[in-house]
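The block underneath contains the structure these notes are about, expressed in structure tokens.
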Amino acid sequence: MKKKIVMPKLASDMKTGVLCAWLVEEGQSFKKGEPLFEVEANKVVSSVEALEDGVLISQMAEEGDEIIAEGVVAEIDTL
Amino acid sequence: MFYIRNESTDPHYNQALEEVLFCNFTNGDLFMIWQNRPCAVCGKFQNPYEELNLRFFSENDAAIIRRNTGGGTVYHDEGNYNYSIITDYQGDGAEYDRFLLPMIQILQNLGIQAELGGKSEIQIGGKKISGSAQTVSRGRILHHGTLLFDSNLRKLMEMTNRDSQRYLSKAVKSNKAIVTNIAEHIDGMTRKEFPLAIEKQWKELQPITIPEEWRLAAEKLADEKYRTFYWTFGKTPPFSFCGEHPSGWKIEYRAVHGVITEFTAYFCGEYRQELALLLVGRPLIYDELLSWASAYFQDEITARNLLDCMF
């Protein structure tokens, strides 16, 4: 089933986060708990982990892009 | 809380040790105090070319380190203490108050008029004495910060003396701050006494030694990651540069993963096409480019001017 992955709102006052690094490439499969990408907000680097097994269909943001909290960054297909 | 007094001042090893501890110390709380010999430490997603005066680092034998946490570039030397805290993440993003307020209380107990500055700084009278940053992974958080006790502030200024507007990239930028040394605000405490005073004030520290297995893992990680061009410069987000130098050089280039991918040079208005052929594909390593330019031009001054224009 296709699903969207969003920029997590990591703190109540977080408005945006910088998507700093993709850790999974398009077409690559991942397991639940594996880190998908890294975010920097308020000098905190957070790795965002998969909530379920799946395949990354498309990265919808580039490394270095500042994304609004809860904005879409990727599309995945869950297994 | 477990406590490690890390006596190494090797910045690459220390950064690696912190990562090994963060990955392996998965239960309980850990506090560590440590120092680095003179070096600059950049945030994980920064452009060191943009942040630093690379000529200064070449001439002063100071290291450049890329760390694992966010934020900007800081200067470390023997007058600066670093502290790290590894514990459970409580799930509310930037948890700075949780770590900074106890440290501020300790400093106040020592008679230092420390106060919170912004979200992640400690200040005295509006001047920064401590910056901090964090990383969060798998339910754990690493918080670390600096404590400027009696750092060489002149060197700090020289290190960061950059015309950063010549660079264009998506890298995280440093915020410039007015800084002061703690030693200027406390009487009768030496550099060596300061960490001992912090240790005494921090509640219920239980000293431990670094397990040999983790120490060896940190040495390996220092070699395989933190000392490499791939990590320190290769992780730089792609950037473009455009600069001029009074000697007559005008340079534009683009670099991806720290390697020159496009290069255009003019000297006193004359297009120097041959330099593009020679420089595209070369890594942006200051000392190597200076050696190459010195050999190519057979003239130290021309080589130095080219490098001063490029960095």
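Identifiers in the structure tokens: chain A, B, ... in order shown; residue index from 1 per chain; ligand index from 1 in order shown.
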
- Skip B:Leu290 itself and residues of its chain fewer than 5 positions away, then list as a ChimeraX atom specification all residues within 8 Å of it, counting only C-alpha atoms. /B:303-304,307

- Query: Quick one: residues within 12 Å of B:Met157, only C-alpha atoms counted, chain neighbours fewer than 2 positions away excluded, as number ranges by chain?
  - Reply: B: 40, 51-53, 56, 73-75, 151-155, 159-162, 176-179

- Item | Counting only C-alpha atoms, chain A residues within 12 Å of chain B, as a PyMOL selection string | chain A and resi 8-15+17-21+32-50+62-66

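Between atom CA of A:Leu51 and atom CA of A:Asp77 the interatomic distance comes to 12.1 Å.
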
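Between atom CA of B:His76 and atom CA of B:Arg37 lies a distance of 6.8 Å.
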
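Nearest residue to B:His257 among B:Thr236, B:Asn80, B:Thr146, B:Thr209 is B:Thr236, counting only C-alpha atoms.
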
- Task: Work out how far apart atom CA of B:Ser294 and atom CA of B:Pro48 are and give it in Å to one decimal.
- Result: 23.6 Å

- Task: Any chance you could list, as an NGL selection string, the residues in stretch 195-304 of chain B that come up helix (DSSP H, G or I) when DSSP is run on the backbone?
- Result: :B and (195-201 or 212-226 or 229-232 or 273-279 or 286-297 or 300-304)

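The shortest atom-to-atom distance to A:Lys31, with only C-alpha atoms taken into account, belongs to A:Thr78 out of A:Gly71, A:Lys2, A:Thr16, A:Thr78.
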
- Any idea what's packed within 7 Å of B:Ile208, counting only C-alpha atoms, ignoring anything in its chain fewer than 6 positions away? Could you give it as an NGL selection string? :B and (2-4)

Can you write just those residues out, N, CA, C and O atoms, as a CSV table (one decimal), in the first residue's frame?
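Contents of result-v9.csv, freshly written:
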```csv
chain,number,residue,atom,x,y,z
B,2,PHE,N,26.8,7.5,35.5
B,2,PHE,CA,28.2,7.1,35.3
B,2,PHE,C,29.0,8.2,34.7
B,2,PHE,O,28.5,9.1,34.1
B,3,TYR,N,30.3,8.2,35.1
B,3,TYR,CA,31.2,9.4,34.7
B,3,TYR,C,32.5,8.9,34.1
B,3,TYR,O,33.2,8.0,34.7
B,4,ILE,N,32.9,9.5,33.0
B,4,ILE,CA,34.2,9.2,32.4
B,4,ILE,C,34.9,10.5,32.3
B,4,ILE,O,34.4,11.5,31.7
```
